[in-house]
>>> print(open('run-v3.pdb').read())   # PDB, C-alpha atoms
ATOM      1  CA  MET P  30       0.000   0.000   0.000
ATOM      2  CA  THR P  31       2.800   2.382   0.912
ATOM      3  CA  GLU P  32       6.507   2.029   1.399
ATOM      4  CA  ILE P  33       6.800   4.518   4.218
ATOM      5  CA  VAL P  34       7.002   2.823   7.614
ATOM      6  CA  LYS P  35       6.342   5.113  10.540
ATOM      7  CA  LYS P  36       6.296   4.569  14.260
ATOM      8  CA  PHE P  37       2.640   4.843  15.275
ATOM      9  CA  LEU P  38       1.635   5.361  18.877
ATOM     10  CA  TYR P  39      -1.999   4.993  19.866
ATOM     11  CA  LEU P  40      -2.419   6.899  23.111
ATOM     12  CA  ASN P  41      -5.459   5.648  25.010
ATOM     13  CA  ARG P  42      -6.514   7.898  27.884
ATOM     14  CA  LYS P  43     -10.164   7.123  28.575
ATOM     15  CA  ALA P  44     -12.177   4.434  30.348
ATOM     16  CA  PRO P  45     -13.613   1.743  28.027
ATOM     17  CA  TYR P  46     -17.249   2.700  28.612
ATOM     18  CA  GLY P  47     -18.868   6.026  29.409
ATOM     19  CA  THR P  48     -17.576   7.503  26.176
ATOM     20  CA  ILE P  49     -16.935   5.965  22.777
ATOM     21  CA  TYR P  50     -13.264   6.976  22.468
ATOM     22  CA  ALA P  51     -11.818   3.606  23.501
ATOM     23  CA  TRP P  52     -13.917   1.596  21.069
ATOM     24  CA  GLU P  53     -13.435   3.941  18.124
ATOM     25  CA  SER P  54      -9.699   4.075  18.869
ATOM     26  CA  LEU P  55      -9.612   0.304  18.635
ATOM     27  CA  GLU P  56     -11.358   0.527  15.273
ATOM     28  CA  VAL P  57      -8.523   2.690  13.944
ATOM     29  CA  VAL P  58      -5.964   0.162  15.193
ATOM     30  CA  LEU P  59      -7.790  -2.691  13.453
ATOM     31  CA  ILE P  60      -8.146  -0.825  10.153
ATOM     32  CA  GLY P  61      -4.617   0.569  10.405
ATOM     33  CA  ALA P  62      -3.151  -2.935  10.491
ATOM     34  CA  ALA P  63      -3.521  -3.073   6.710
ATOM     35  CA  PHE P  64      -0.934  -0.308   6.343
ATOM     36  CA  ASP P  65       2.050  -2.251   7.724
ATOM     37  CA  GLN P  66       3.340   0.404  10.077
ATOM     38  CA  GLU P  67       5.232  -0.084  13.335
ATOM     39  CA  VAL P  68       2.378   0.060  15.797
ATOM     40  CA  ARG P  69       2.555   0.531  19.560
ATOM     41  CA  LEU P  70      -0.274   1.149  22.024
ATOM     42  CA  LEU P  71       0.022   3.090  25.250
ATOM     43  CA  PHE P  72      -2.556   3.188  28.026
ATOM     44  CA  VAL P  73      -2.525   6.033  30.539
ATOM     45  CA  ASP P  74      -4.940   7.636  33.035
ATOM     46  CA  ASP P  75      -8.375   5.934  32.961
ATOM     47  CA  GLY P  76      -7.238   4.288  29.723
ATOM     48  CA  VAL P  77      -5.654   1.521  31.838
ATOM     49  CA  TYR P  78      -9.170   0.233  32.576
ATOM     50  CA  GLN P  79      -9.480  -0.728  28.908
ATOM     51  CA  LEU P  80      -7.167  -3.690  29.473
ATOM     52  CA  THR P  81      -8.698  -4.987  32.695
ATOM     53  CA  LYS P  82      -9.843  -8.601  32.901
ATOM     54  CA  GLY P  83     -13.395  -9.720  33.495
ATOM     55  CA  GLN P  84     -15.279  -6.774  32.028
ATOM     56  CA  ASP P  85     -19.038  -7.251  32.206
ATOM     57  CA  THR P  86     -21.273  -4.796  30.378
ATOM     58  CA  SER P  87     -24.554  -6.672  30.816
ATOM     59  CA  GLY P  88     -25.893  -4.012  33.170
ATOM     60  CA  ILE P  89     -25.333  -1.065  30.856
ATOM     61  CA  GLY P  90     -26.634  -2.403  27.541
ATOM     62  CA  MET P  91     -23.367  -1.852  25.709
ATOM     63  CA  LYS P  92     -21.297  -4.239  23.675
ATOM     64  CA  ASN P  93     -18.388  -5.715  25.622
ATOM     65  CA  PHE P  94     -15.539  -5.178  23.198
ATOM     66  CA  SER P  95     -12.761  -6.123  25.616
ATOM     67  CA  PRO P  96     -12.128  -9.553  23.966
ATOM     68  CA  THR P  97     -10.922  -7.596  20.915
ATOM     69  CA  TYR P  98      -7.823  -6.416  22.799
ATOM     70  CA  ARG P  99      -6.643 -10.024  23.126
ATOM     71  CA  THR P 100      -6.553 -10.312  19.320
ATOM     72  CA  LEU P 101      -4.342  -7.265  18.784
ATOM     73  CA  GLY P 102      -1.266  -9.437  18.264
ATOM     74  CA  ASP P 103      -2.912 -10.530  15.001
ATOM     75  CA  TYR P 104      -3.258  -6.898  13.916
ATOM     76  CA  GLU P 105       0.370  -5.860  13.578
ATOM     77  CA  VAL P 106       0.535  -4.607  17.169
ATOM     78  CA  LYS P 107       3.916  -5.590  18.583
ATOM     79  CA  SER P 108       4.069  -3.628  21.807
ATOM     80  CA  ILE P 109       1.498  -2.579  24.370
ATOM     81  CA  TYR P 110       2.543  -0.320  27.216
ATOM     82  CA  VAL P 111       0.698   0.576  30.396
ATOM     83  CA  HIS P 112       1.689   3.552  32.521
ATOM     84  CA  ARG P 113       2.592   2.232  36.002
ATOM     85  CA  GLU P 114       1.492   5.274  37.986
ATOM     86  CA  SER P 115      -1.924   5.351  36.290
ATOM     87  CA  LEU P 116      -2.331   1.666  37.110
ATOM     88  CA  GLU P 117      -1.212   1.874  40.722
ATOM     89  CA  SER P 118      -3.130   5.030  41.547
ATOM     90  CA  ARG P 119      -6.281   3.130  40.588
ATOM     91  CA  GLY P 120      -5.413   0.201  42.859
ATOM     92  CA  LEU P 121      -4.568  -2.074  39.926
ATOM     93  CA  THR P 122      -1.571  -4.261  39.132
ATOM     94  CA  GLN P 123      -0.485  -6.123  36.030
ATOM     95  CA  ASP P 124      -2.371  -9.179  37.376
ATOM     96  CA  ASP P 125      -5.623  -7.296  36.756
ATOM     97  CA  LEU P 126      -4.830  -6.881  33.061
ATOM     98  CA  VAL P 127      -5.442  -9.260  30.171
ATOM     99  CA  GLN P 128      -2.529 -10.996  28.505
ATOM    100  CA  ILE P 129      -2.049 -10.386  24.820
ATOM    101  CA  ALA P 130      -0.020 -12.868  22.817
ATOM    102  CA  TRP P 131       1.908 -12.069  19.670
ATOM    103  CA  GLU P 132       3.260 -14.240  16.922
ATOM    104  CA  ASP P 133       5.164 -13.413  13.769
ATOM    105  CA  TRP P 134       3.637 -15.594  11.067
ATOM    106  CA  GLU P 135       6.713 -15.413   8.901
ATOM    107  CA  SER P 136       9.526 -16.025  11.387
ATOM    108  CA  GLY P 137       7.464 -18.074  13.863
ATOM    109  CA  GLU P 138       8.720 -15.838  16.664
ATOM    110  CA  GLU P 139       6.211 -15.605  19.475
ATOM    111  CA  LYS P 140       5.625 -13.848  22.769
ATOM    112  CA  GLU P 141       3.207 -14.977  25.434
ATOM    113  CA  ASN P 142       2.356 -11.481  26.580
ATOM    114  CA  ILE P 143       3.228  -8.152  24.984
ATOM    115  CA  VAL P 144       1.602  -6.046  27.709
ATOM    116  CA  GLU P 145       4.340  -4.216  29.575
ATOM    117  CA  VAL P 146       4.023  -1.867  32.550
ATOM    118  CA  VAL P 147       6.309   1.139  32.134
ATOM    119  CA  ASP P 148       7.369   4.219  34.106
ATOM    120  CA  ALA P 149       6.725   7.858  33.271
ATOM    121  CA  ALA P 150      10.232   8.250  31.829
ATOM    122  CA  ASP P 151       9.513   5.407  29.383
ATOM    123  CA  VAL P 152       6.263   7.100  28.389
ATOM    124  CA  THR P 153       8.168  10.277  27.563
ATOM    125  CA  GLU P 154      10.692   8.336  25.541
ATOM    126  CA  LEU P 155       7.955   6.447  23.735
ATOM    127  CA  MET P 156       6.240   9.669  22.702
ATOM    128  CA  GLU P 157       9.464  11.299  21.647
ATOM    129  CA  GLY P 158      10.362   8.287  19.557
ATOM    130  CA  SER P 159       7.062   8.216  17.684
ATOM    131  CA  ASP P 160       6.370   9.694  14.245
ATOM    132  CA  VAL P 161       2.610   9.736  14.719
ATOM    133  CA  ILE P 162       0.580   9.893  17.929
ATOM    134  CA  PHE P 163      -3.119   9.143  17.685
ATOM    135  CA  SER P 164      -4.548  10.526  20.892
ATOM    136  CA  PHE P 165      -7.865   9.153  22.106
TER     137      PHE P 165
ATOM    138  CA  MET O   2       5.329  21.458   6.335
ATOM    139  CA  LYS O   3       2.596  19.023   5.410
ATOM    140  CA  PHE O   4      -0.121  18.620   8.060
ATOM    141  CA  ALA O   5      -2.928  16.137   8.585
ATOM    142  CA  ILE O   6      -5.741  17.282  10.868
ATOM    143  CA  GLN O   7      -7.967  15.045  12.974
ATOM    144  CA  ILE O   8     -11.057  16.444  14.709
ATOM    145  CA  ASN O   9     -12.694  14.332  17.383
ATOM    146  CA  GLU O  10     -15.457  16.552  18.741
ATOM    147  CA  GLY O  11     -18.707  17.976  17.452
ATOM    148  CA  PRO O  12     -19.318  21.673  16.767
ATOM    149  CA  TYR O  13     -20.409  24.117  19.520
ATOM    150  CA  GLN O  14     -20.360  21.484  22.282
ATOM    151  CA  HIS O  15     -16.576  21.544  22.312
ATOM    152  CA  GLN O  16     -13.854  23.926  21.182
ATOM    153  CA  ALA O  17     -11.910  21.266  19.251
ATOM    154  CA  SER O  18     -13.414  22.132  15.882
ATOM    155  CA  ASP O  19     -12.818  25.865  16.419
ATOM    156  CA  SER O  20      -9.181  25.299  17.411
ATOM    157  CA  ALA O  21      -8.659  22.973  14.473
ATOM    158  CA  TYR O  22     -10.180  25.538  12.126
ATOM    159  CA  PHE O  23      -7.920  28.362  13.346
ATOM    160  CA  PHE O  24      -4.877  26.116  13.221
ATOM    161  CA  THR O  25      -5.671  24.919   9.708
ATOM    162  CA  LYS O  26      -6.399  28.430   8.486
ATOM    163  CA  ALA O  27      -3.168  29.802   9.978
ATOM    164  CA  ALA O  28      -1.107  26.942   8.536
ATOM    165  CA  LEU O  29      -2.546  27.485   5.053
ATOM    166  CA  GLU O  30      -2.067  31.249   5.241
ATOM    167  CA  LYS O  31       1.577  30.669   6.145
ATOM    168  CA  GLY O  32       1.970  28.578   3.028
ATOM    169  CA  HIS O  33       1.964  25.148   4.654
ATOM    170  CA  GLU O  34       0.127  22.254   3.098
ATOM    171  CA  VAL O  35      -2.833  20.509   4.712
ATOM    172  CA  PHE O  36      -3.045  17.030   3.253
ATOM    173  CA  ARG O  37      -6.454  16.213   4.691
ATOM    174  CA  VAL O  38      -8.878  17.119   7.461
ATOM    175  CA  PHE O  39     -10.419  14.004   8.973
ATOM    176  CA  PHE O  40     -13.550  14.131  11.130
ATOM    177  CA  TYR O  41     -13.907  11.327  13.663
ATOM    178  CA  HIS O  42     -16.023  10.448  16.730
ATOM    179  CA  ASP O  43     -18.620  13.252  17.234
ATOM    180  CA  GLY O  44     -16.452  15.334  14.918
ATOM    181  CA  VAL O  45     -18.544  13.947  12.057
ATOM    182  CA  ASN O  46     -21.291  16.343  13.140
ATOM    183  CA  ASN O  47     -19.207  19.210  11.780
ATOM    184  CA  ALA O  48     -20.331  18.096   8.336
ATOM    185  CA  THR O  49     -24.079  18.612   8.605
ATOM    186  CA  ARG O  50     -25.411  21.195   6.189
ATOM    187  CA  LEU O  51     -28.565  21.507   8.321
ATOM    188  CA  SER O  52     -26.791  23.310  11.152
ATOM    189  CA  THR O  53     -28.461  26.661  11.958
ATOM    190  CA  PRO O  54     -26.677  28.571  14.712
ATOM    191  CA  PRO O  55     -28.027  31.938  15.921
ATOM    192  CA  GLN O  56     -27.080  34.798  13.597
ATOM    193  CA  ASP O  57     -24.721  36.448  16.065
ATOM    194  CA  ASP O  58     -22.678  33.255  16.437
ATOM    195  CA  ARG O  59     -20.050  31.749  14.149
ATOM    196  CA  HIS O  60     -21.276  29.200  11.607
ATOM    197  CA  ILE O  61     -18.802  26.366  12.110
ATOM    198  CA  VAL O  62     -19.892  24.201   9.184
ATOM    199  CA  ASN O  63     -19.975  27.053   6.672
ATOM    200  CA  ARG O  64     -16.652  28.309   7.942
ATOM    201  CA  TRP O  65     -15.029  24.944   7.175
ATOM    202  CA  VAL O  66     -16.692  24.910   3.771
ATOM    203  CA  ALA O  67     -15.415  28.394   2.903
ATOM    204  CA  LEU O  68     -11.878  27.462   3.953
ATOM    205  CA  ALA O  69     -12.044  24.241   1.944
ATOM    206  CA  GLU O  70     -13.178  26.111  -1.137
ATOM    207  CA  ARG O  71     -10.532  28.765  -0.828
ATOM    208  CA  TYR O  72      -7.652  26.334  -0.415
ATOM    209  CA  ASP O  73      -9.057  23.260  -2.149
ATOM    210  CA  LEU O  74      -8.957  21.454   1.179
ATOM    211  CA  GLU O  75      -9.939  17.809   1.412
ATOM    212  CA  MET O  76     -12.425  17.148   4.226
ATOM    213  CA  VAL O  77     -13.235  13.528   5.006
ATOM    214  CA  VAL O  78     -15.835  12.175   7.418
ATOM    215  CA  CYS O  79     -15.365   8.690   8.896
ATOM    216  CA  VAL O  80     -18.032   6.365   7.519
ATOM    217  CA  ALA O  81     -18.372   4.152  10.609
ATOM    218  CA  ALA O  82     -18.618   7.138  12.951
ATOM    219  CA  ALA O  83     -21.046   8.873  10.561
ATOM    220  CA  GLN O  84     -23.328   5.855  10.265
ATOM    221  CA  ARG O  85     -23.658   5.603  14.039
ATOM    222  CA  ARG O  86     -24.528   9.282  14.341
ATOM    223  CA  GLY O  87     -26.815   9.674  11.339
ATOM    224  CA  VAL O  88     -24.539  11.765   9.143
ATOM    225  CA  VAL O  89     -25.593  10.683   5.676
ATOM    226  CA  ASP O  90     -24.794  11.384   2.046
ATOM    227  CA  GLU O  91     -26.678  10.196  -1.038
ATOM    228  CA  GLY O  92     -24.731   6.949  -1.345
ATOM    229  CA  GLU O  93     -25.082   6.059   2.324
ATOM    230  CA  ALA O  94     -28.790   6.901   2.274
ATOM    231  CA  GLN O  95     -29.346   4.520  -0.633
ATOM    232  CA  ARG O  96     -27.212   1.750   0.837
ATOM    233  CA  ASN O  97     -28.904   1.884   4.217
ATOM    234  CA  GLY O  98     -32.454   2.670   3.087
ATOM    235  CA  LYS O  99     -32.648   6.163   4.584
ATOM    236  CA  ASP O 100     -35.100   8.801   3.354
ATOM    237  CA  ALA O 101     -32.833  11.837   3.728
ATOM    238  CA  THR O 102     -29.304  13.152   3.605
ATOM    239  CA  ASN O 103     -27.700  15.846   5.733
ATOM    240  CA  ILE O 104     -24.045  16.111   4.748
ATOM    241  CA  HIS O 105     -22.681  19.250   3.137
ATOM    242  CA  PRO O 106     -21.414  18.298  -0.347
ATOM    243  CA  ARG O 107     -17.986  19.793   0.362
ATOM    244  CA  PHE O 108     -17.363  16.905   2.799
ATOM    245  CA  ARG O 109     -16.756  13.356   1.668
ATOM    246  CA  ILE O 110     -17.618  10.173   3.573
ATOM    247  CA  SER O 111     -14.869   7.568   3.535
ATOM    248  CA  GLY O 112     -13.115   4.964   5.653
ATOM    249  CA  LEU O 113     -10.641   5.082   8.528
ATOM    250  CA  GLY O 114      -7.924   4.102   6.086
ATOM    251  CA  GLN O 115      -8.024   7.743   4.974
ATOM    252  CA  LEU O 116      -6.968   8.815   8.472
ATOM    253  CA  VAL O 117      -4.145   6.297   8.642
ATOM    254  CA  GLU O 118      -2.978   7.219   5.153
ATOM    255  CA  ALA O 119      -3.023  10.921   6.061
ATOM    256  CA  ALA O 120      -0.902  10.201   9.148
ATOM    257  CA  ILE O 121       1.609   8.355   6.996
ATOM    258  CA  GLN O 122       1.764  10.946   4.232
ATOM    259  CA  ALA O 123       1.865  14.079   6.387
ATOM    260  CA  ASP O 124       4.859  15.379   8.324
ATOM    261  CA  ARG O 125       2.629  15.967  11.350
ATOM    262  CA  LEU O 126      -0.738  14.666  12.459
ATOM    263  CA  MET O 127      -2.523  17.222  14.633
ATOM    264  CA  VAL O 128      -5.313  15.793  16.800
ATOM    265  CA  PHE O 129      -7.976  18.139  18.161
ATOM    266  CA  GLY O 130     -10.238  16.682  20.816
ATOM    267  CA  ASP O 131     -11.046  16.151  24.437
TER     268      ASP O 131
END
>>> encode(input="run-v3.pdb", output="structure tokens")
Amino acid sequence: MTEIVKKFLYLNRKAPYGTIYAWESLEVVLIGAAFDQEVRLLFVDDGVYQLTKGQDTSGIGMKNFSPTYRTLGDYEVKSIYVHRESLESRGLTQDDLVQIAWEDWESGEEKENIVEVVDAADVTELMEGSDVIFSF
Amino acid sequence: MKFAIQINEGPYQHQASDSAYFFTKAALEKGHEVFRVFFYHDGVNNATRLSTPPQDDRHIVNRWVALAERYDLEMVVCVAAAQRRGVVDEGEAQRNGKDATNIHPRFRISGLGQLVEAAIQADRLMVFGD
């Protein structure tokens, strides 16, 4: 489609429900996979709730789209970062988050879980090292 | 510099569209290029030609249209976001069996690939939203 390969960062800042940002951000990630870019996702603030396990939306009449996150490894997403302070200030740890596996179909290389908890300094570095930041 | 603009909020409710408009206008006046303006989330509501603000207020939709005409600006509305929110052109109305349209003809409905492509092609993607 294009020969340019850029470093994409999807910055997810909002809770999964309450507003539509999280879901429509995910839609961009899924569509964007066709463009063969270097894609990373970063979850900060209430955005960390997007990756929590055991989401149940039956009481609010909304589609539970959280299973989609577990498929991201199939959509060209190689790295998923979660801001530690955002996580801890909400009483969460990595154990509360889903695991997302990744496999390179060509080389056979695989990772059991690409979700990584990172510090504020890493977040800064990640942003600085990105060509494009989609902020949701 | 070549910019791509993404607008995530509807008109009047939120300042995002105003800020994006002033940024885009200033960039064009300075001789920069704007590859595409992409309307996403509630931002798709910036494209309705039926908007009728009070006379002493700015007309956000018409203001975008005038800028687009002056600079031959490409303005794209996300199809998935537009379908959810009832922003409809002739083609969408026919496909989905609707009895009306409301999009201003200066805007074009297309897919999210247009946003990703704009981000790749532009030097900078500017996101305006909450």
>>> resolve_selection(input="run-v3.pdb", expression="the PyMOL selection byres ((chain P) within 7 of (chain O))", output="PyMOL selection string")
chain P and resi 35+57+60-61+161+164
>>> atom_distance(input="run-v3.pdb", atom1="CA of Leu116 in chain P", atom2="CA of Phe72 in chain P")
9.2 Å
>>> resolve_selection(input="run-v3.pdb", expression="the PyMOL selection byres ((chain O and resi 29) around 12)", output="CSV table (one decimal) with C-alpha atoms, in the frame of the given file")
chain,number,residue,atom,x,y,z
O,2,MET,CA,5.3,21.5,6.3
O,3,LYS,CA,2.6,19.0,5.4
O,4,PHE,CA,-0.1,18.6,8.1
O,5,ALA,CA,-2.9,16.1,8.6
O,22,TYR,CA,-10.2,25.5,12.1
O,23,PHE,CA,-7.9,28.4,13.3
O,24,PHE,CA,-4.9,26.1,13.2
O,25,THR,CA,-5.7,24.9,9.7
O,26,LYS,CA,-6.4,28.4,8.5
O,27,ALA,CA,-3.2,29.8,10.0
O,28,ALA,CA,-1.1,26.9,8.5
O,30,GLU,CA,-2.1,31.2,5.2
O,31,LYS,CA,1.6,30.7,6.1
O,32,GLY,CA,2.0,28.6,3.0
O,33,HIS,CA,2.0,25.1,4.7
O,34,GLU,CA,0.1,22.3,3.1
O,35,VAL,CA,-2.8,20.5,4.7
O,36,PHE,CA,-3.0,17.0,3.3
O,37,ARG,CA,-6.5,16.2,4.7
O,68,LEU,CA,-11.9,27.5,4.0
O,69,ALA,CA,-12.0,24.2,1.9
O,71,ARG,CA,-10.5,28.8,-0.8
O,72,TYR,CA,-7.7,26.3,-0.4
O,73,ASP,CA,-9.1,23.3,-2.1
O,74,LEU,CA,-9.0,21.5,1.2
>>> atom_distance(input="run-v3.pdb", atom1="CA of Ser20 in chain O", atom2="CA of Phe163 in chain P")
17.3 Å
>>> residues_around(input="run-v3.pdb", residues="Ile49 in chain P", least_positions_apart="4", cutoff="10 Å", atoms="all atoms listed in the file", output="list in words")
Lys43, Ala44, Pro45, Glu53, Ser54 and Phe165 of chain P; His42 and Asp43 of chain O
>>> resolve_selection(input="run-v3.pdb", expression="the PyMOL selection byres ((chain O and resi 103) around 8)", output="short mmCIF file (atom, residue, chain, number, x, y, z; two decimals) with C-alpha atoms, keeping the file's coordinate frame")
data_model
loop_
_atom_site.label_atom_id
_atom_site.label_comp_id
_atom_site.auth_asym_id
_atom_site.auth_seq_id
_atom_site.Cartn_x
_atom_site.Cartn_y
_atom_site.Cartn_z
CA THR O 49 -24.08 18.61 8.60
CA ARG O 50 -25.41 21.20 6.19
CA LEU O 51 -28.56 21.51 8.32
CA VAL O 88 -24.54 11.76 9.14
CA VAL O 89 -25.59 10.68 5.68
CA ASP O 90 -24.79 11.38 2.05
CA ALA O 101 -32.83 11.84 3.73
CA THR O 102 -29.30 13.15 3.60
CA ILE O 104 -24.04 16.11 4.75
CA HIS O 105 -22.68 19.25 3.14
#
>>> residues_around(input="run-v3.pdb", residues="His60 in chain O", least_positions_apart="3", cutoff="12 Å", atoms="only C-alpha atoms", output="list in words")
Pro12, Tyr13, Ser18, Asp19, Tyr22, Asn47, Ala48, Thr49, Arg50, Leu51, Ser52, Thr53, Pro54, Pro55, Gln56, Asp57, Asn63, Arg64, Trp65, Val66 and Ala67 of chain O
>>> atom_distance(input="run-v3.pdb", atom1="CA of Ile6 in chain O", atom2="CA of Glu75 in chain O")
10.4 Å
>>> residues_around(input="run-v3.pdb", residues="Glu139 in chain P", least_positions_apart="6", cutoff="12 Å", atoms="only C-alpha atoms", output="number ranges by chain")
P: 102-103, 107, 129-133
>>> closest_residue(input="run-v3.pdb", among="P:Lys140, P:Asp151, P:Lys82, P:Pro96", to="Gln123 in chain P", atoms="all atoms listed in the file")
P:Lys82
>>> residues_around(input="run-v3.pdb", residues="Val73 in chain P", least_positions_apart="6", cutoff="12 Å", atoms="all atoms listed in the file", output="list of chain:residue names")
P:Tyr39, P:Leu40, P:Asn41, P:Arg42, P:Lys43, P:Ala44, P:Ala51, P:Gln79, P:Leu80, P:Ile109, P:Tyr110, P:Val111, P:His112, P:Arg113, P:Glu114, P:Ser115, P:Leu116, P:Glu117, P:Ser118, P:Arg119, P:Val146, P:Val147, P:Asp148, P:Ala149, P:Val152, P:Thr153, P:Ser164, P:Phe165
